[in-house]
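Text of start23.csv (CSV, N, CA and C atoms) as supplied:
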chain,number,residue,atom,x,y,z
M,1,MET,N,0.8,-1.2,0.0
M,1,MET,CA,0.0,0.0,0.0
M,1,MET,C,0.9,1.3,0.0
M,2,LEU,N,2.0,1.2,0.7
M,2,LEU,CA,2.9,2.4,0.8
M,2,LEU,C,3.5,2.6,-0.6
M,3,LYS,N,3.8,1.5,-1.3
M,3,LYS,CA,4.3,1.6,-2.6
M,3,LYS,C,3.4,2.4,-3.6
M,4,ILE,N,2.1,2.1,-3.5
M,4,ILE,CA,1.1,2.7,-4.3
M,4,ILE,C,1.0,4.2,-4.0
M,5,PHE,N,1.0,4.5,-2.7
M,5,PHE,CA,0.9,5.9,-2.2
M,5,PHE,C,2.1,6.7,-2.7
M,6,ILE,N,3.3,6.2,-2.7
M,6,ILE,CA,4.5,6.9,-3.1
M,6,ILE,C,4.5,7.1,-4.6
M,7,ILE,N,4.1,6.1,-5.4
M,7,ILE,CA,3.9,6.2,-6.8
M,7,ILE,C,2.9,7.2,-7.2
M,8,SER,N,1.8,7.3,-6.4
M,8,SER,CA,0.7,8.2,-6.7
M,8,SER,C,1.2,9.7,-6.5
M,9,ILE,N,2.0,9.9,-5.4
M,9,ILE,CA,2.5,11.2,-5.2
M,9,ILE,C,3.5,11.6,-6.3
M,10,GLY,N,4.3,10.6,-6.7
M,10,GLY,CA,5.2,10.9,-7.8
M,10,GLY,C,4.5,11.3,-9.1
M,11,MET,N,3.4,10.6,-9.4
M,11,MET,CA,2.7,10.9,-10.6
M,11,MET,C,2.0,12.3,-10.5
M,12,VAL,N,1.5,12.7,-9.4
M,12,VAL,CA,1.0,14.0,-9.2
M,12,VAL,C,2.1,15.1,-9.5
M,13,LEU,N,3.3,14.8,-8.9
M,13,LEU,CA,4.4,15.8,-9.1
M,13,LEU,C,4.8,15.9,-10.6
M,14,VAL,N,4.8,14.7,-11.3
M,14,VAL,CA,5.2,14.7,-12.7
M,14,VAL,C,4.1,15.5,-13.5
M,15,ILE,N,2.9,15.2,-13.3
M,15,ILE,CA,1.8,15.9,-14.1
M,15,ILE,C,1.8,17.4,-13.8
M,16,GLU,N,1.9,17.8,-12.5
M,16,GLU,CA,2.0,19.2,-12.3
M,16,GLU,C,3.2,19.9,-12.9
M,17,GLY,N,4.3,19.2,-12.8
M,17,GLY,CA,5.5,19.7,-13.4
M,17,GLY,C,5.4,19.9,-14.9
M,18,ILE,N,4.8,18.9,-15.5
M,18,ILE,CA,4.6,19.0,-17.0
M,18,ILE,C,3.7,20.2,-17.3
M,19,MET,N,2.6,20.4,-16.5
M,19,MET,CA,1.7,21.5,-16.7
M,19,MET,C,2.4,22.8,-16.6
M,20,TYR,N,3.2,23.0,-15.6
M,20,TYR,CA,4.0,24.3,-15.4
M,20,TYR,C,5.0,24.5,-16.5
M,21,PHE,N,5.6,23.4,-16.9
M,21,PHE,CA,6.7,23.4,-18.0
M,21,PHE,C,6.1,23.8,-19.3
M,22,LEU,N,4.9,23.3,-19.6
M,22,LEU,CA,4.3,23.6,-20.9
M,22,LEU,C,3.6,25.0,-21.0
M,23,PHE,N,3.1,25.4,-19.8
M,23,PHE,CA,2.4,26.7,-19.8
M,23,PHE,C,3.0,27.8,-19.0
M,24,HIS,N,4.4,27.8,-19.0
M,24,HIS,CA,5.1,28.8,-18.2
M,24,HIS,C,4.9,30.2,-18.7
M,25,ARG,N,4.6,30.4,-19.9
M,25,ARG,CA,4.3,31.8,-20.4
M,25,ARG,C,3.0,32.3,-20.0
M,26,ARG,N,2.0,31.4,-19.8
M,26,ARG,CA,0.7,31.9,-19.5
M,26,ARG,C,0.4,31.8,-18.0
M,27,LEU,N,1.4,31.5,-17.2
M,27,LEU,CA,1.2,31.3,-15.8
M,27,LEU,C,0.7,32.6,-15.1
M,28,ASN,N,1.3,33.7,-15.5
M,28,ASN,CA,0.8,35.0,-14.9
M,28,ASN,C,-0.6,35.3,-15.2
M,29,GLU,N,-1.1,35.0,-16.4
M,29,GLU,CA,-2.5,35.2,-16.8
M,29,GLU,C,-3.4,34.3,-15.9
M,30,LEU,N,-2.9,33.0,-15.7
M,30,LEU,CA,-3.7,32.1,-14.9
M,30,LEU,C,-3.8,32.6,-13.5
M,31,MET,N,-2.7,33.1,-12.9
M,31,MET,CA,-2.8,33.7,-11.5
M,31,MET,C,-3.7,34.9,-11.5
M,32,PHE,N,-3.7,35.7,-12.5
M,32,PHE,CA,-4.6,36.9,-12.5
M,32,PHE,C,-6.0,36.4,-12.6
M,33,PHE,N,-6.3,35.4,-13.4
M,33,PHE,CA,-7.6,34.8,-13.5
M,33,PHE,C,-8.1,34.3,-12.1
M,34,LEU,N,-7.2,33.5,-11.4
M,34,LEU,CA,-7.6,33.0,-10.2
M,34,LEU,C,-7.8,34.0,-9.1
M,35,LYS,N,-7.1,35.1,-9.2
M,35,LYS,CA,-7.4,36.2,-8.2
M,35,LYS,C,-8.8,36.8,-8.4
M,36,LYS,N,-9.3,36.8,-9.6
M,36,LYS,CA,-10.6,37.4,-9.8
M,36,LYS,C,-11.8,36.4,-9.4
M,37,LEU,N,-11.4,35.1,-9.3
M,37,LEU,CA,-12.5,34.2,-8.9
M,37,LEU,C,-12.9,34.3,-7.4
M,38,ASN,N,-14.1,34.0,-7.2
M,38,ASN,CA,-14.7,33.9,-5.8
M,38,ASN,C,-14.0,32.7,-5.1
M,39,PRO,N,-13.5,32.9,-3.9
M,39,PRO,CA,-12.9,31.8,-3.2
M,39,PRO,C,-13.8,30.6,-2.9
M,40,SER,N,-15.1,30.8,-2.8
M,40,SER,CA,-16.0,29.7,-2.7
M,40,SER,C,-16.0,28.8,-3.9
M,41,VAL,N,-15.9,29.4,-5.1
M,41,VAL,CA,-15.8,28.6,-6.3
M,41,VAL,C,-14.6,27.7,-6.3
M,42,ILE,N,-13.5,28.3,-6.0
M,42,ILE,CA,-12.2,27.5,-5.9
M,42,ILE,C,-12.3,26.4,-4.9
M,43,LYS,N,-13.0,26.7,-3.7
M,43,LYS,CA,-13.1,25.7,-2.7
M,43,LYS,C,-14.0,24.6,-3.1
M,44,ASN,N,-15.1,24.9,-3.8
M,44,ASN,CA,-16.1,23.9,-4.3
M,44,ASN,C,-15.4,23.0,-5.3
M,45,PHE,N,-14.7,23.6,-6.3
M,45,PHE,CA,-14.0,22.9,-7.3
M,45,PHE,C,-12.9,21.9,-6.7
M,46,SER,N,-12.2,22.4,-5.7
M,46,SER,CA,-11.2,21.6,-5.0
M,46,SER,C,-11.9,20.4,-4.3
M,47,PHE,N,-13.0,20.6,-3.7
M,47,PHE,CA,-13.7,19.6,-3.0
M,47,PHE,C,-14.1,18.5,-4.0
M,48,VAL,N,-14.7,18.9,-5.1
M,48,VAL,CA,-15.1,17.9,-6.2
M,48,VAL,C,-13.9,17.1,-6.7
M,49,MET,N,-12.8,17.8,-6.9
M,49,MET,CA,-11.6,17.1,-7.3
M,49,MET,C,-11.1,16.1,-6.3
M,50,ILE,N,-11.1,16.5,-5.0
M,50,ILE,CA,-10.7,15.6,-3.9
M,50,ILE,C,-11.6,14.3,-3.9
M,51,ILE,N,-12.9,14.5,-3.9
M,51,ILE,CA,-13.8,13.4,-3.9
M,51,ILE,C,-13.6,12.5,-5.2
M,52,SER,N,-13.4,13.1,-6.3
M,52,SER,CA,-13.1,12.3,-7.6
M,52,SER,C,-11.9,11.5,-7.4
M,53,GLY,N,-10.8,12.1,-6.9
M,53,GLY,CA,-9.6,11.4,-6.7
M,53,GLY,C,-9.7,10.2,-5.7
M,54,ILE,N,-10.4,10.4,-4.6
M,54,ILE,CA,-10.6,9.4,-3.6
M,54,ILE,C,-11.4,8.2,-4.2
M,55,CYS,N,-12.5,8.6,-5.0
M,55,CYS,CA,-13.3,7.5,-5.7
M,55,CYS,C,-12.4,6.8,-6.7
M,56,LEU,N,-11.6,7.5,-7.4
M,56,LEU,CA,-10.7,6.8,-8.4
M,56,LEU,C,-9.8,5.8,-7.8
M,57,ILE,N,-9.1,6.3,-6.7
M,57,ILE,CA,-8.2,5.4,-5.9
M,57,ILE,C,-9.0,4.2,-5.3
M,58,TYR,N,-10.1,4.5,-4.7
M,58,TYR,CA,-10.9,3.4,-4.1
M,58,TYR,C,-11.3,2.3,-5.1
M,59,PHE,N,-11.9,2.7,-6.2
M,59,PHE,CA,-12.4,1.8,-7.2
M,59,PHE,C,-11.2,1.1,-7.9
M,60,THR,N,-10.1,1.8,-8.1
M,60,THR,CA,-8.9,1.1,-8.7
M,60,THR,C,-8.4,0.0,-7.8
M,61,LEU,N,-8.2,0.4,-6.5
M,61,LEU,CA,-7.7,-0.6,-5.6
M,61,LEU,C,-8.7,-1.8,-5.4
M,62,ARG,N,-9.9,-1.5,-5.4
M,62,ARG,CA,-11.0,-2.5,-5.2
M,62,ARG,C,-10.9,-3.5,-6.4
M,63,TYR,N,-10.8,-2.9,-7.6
M,63,TYR,CA,-10.8,-3.7,-8.8
M,63,TYR,C,-9.5,-4.6,-8.8
M,64,TYR,N,-8.4,-4.1,-8.5
M,64,TYR,CA,-7.1,-4.9,-8.6
M,64,TYR,C,-7.0,-5.9,-7.4
M,65,VAL,N,-7.6,-5.6,-6.3
M,65,VAL,CA,-7.6,-6.6,-5.2
M,65,VAL,C,-8.5,-7.8,-5.6
M,66,GLU,N,-9.6,-7.5,-6.3
M,66,GLU,CA,-10.5,-8.6,-6.7
M,66,GLU,C,-9.8,-9.5,-7.7
M,67,LEU,N,-8.9,-9.0,-8.5
M,67,LEU,CA,-8.2,-9.8,-9.5
M,67,LEU,C,-7.1,-10.7,-8.9
M,68,GLU,N,-6.6,-10.4,-7.7
M,68,GLU,CA,-5.5,-11.2,-7.1
M,68,GLU,C,-6.1,-12.4,-6.4

With the file now loaded, output its structure as structure tokens.
Amino acid sequence: MLKIFIISIGMVLVIEGIMYFLFHRRLNELMFFLKKLNPSVIKNFSFVMIISGICLIYFTLRYYVELE
């Protein structure tokens, strides 16, 4: 289980790193856009992403445990 957790953190870092690497020129525009957003919108979007991630991890682990 620890192995999966460490690999998951590594994948998040790689994906975020790629995003910043590819969009480095538009990063200031993105920050300006985020400043204009209502904080509750950001909070709600973050909550949905957290729940989606937890569901994805849960169902993936459940599926692979059933195969073993």

Query raised in the report: Hey, can you check how far atom C of Ser8 in chain M sits from CA of Ile57 in chain M?
Result: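 Going from atom C of Ser8 in chain M over to CA of Ile57 in chain M, I get 10.4 Å.
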
Query raised in the report: Rounded to one decimal in Å, what is the spacing between CA of Val14 in chain M and CA of Gly53 in chain M?
Result: 16.3 Å

Query raised in the report: Please, what distance in Å, to one decimal, runs between atom N of Val48 in chain M and atom N of Ile4 in chain M?
Result: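 About the pair atom N of Val48 in chain M and atom N of Ile4 in chain M: they are 23.8 Å apart.
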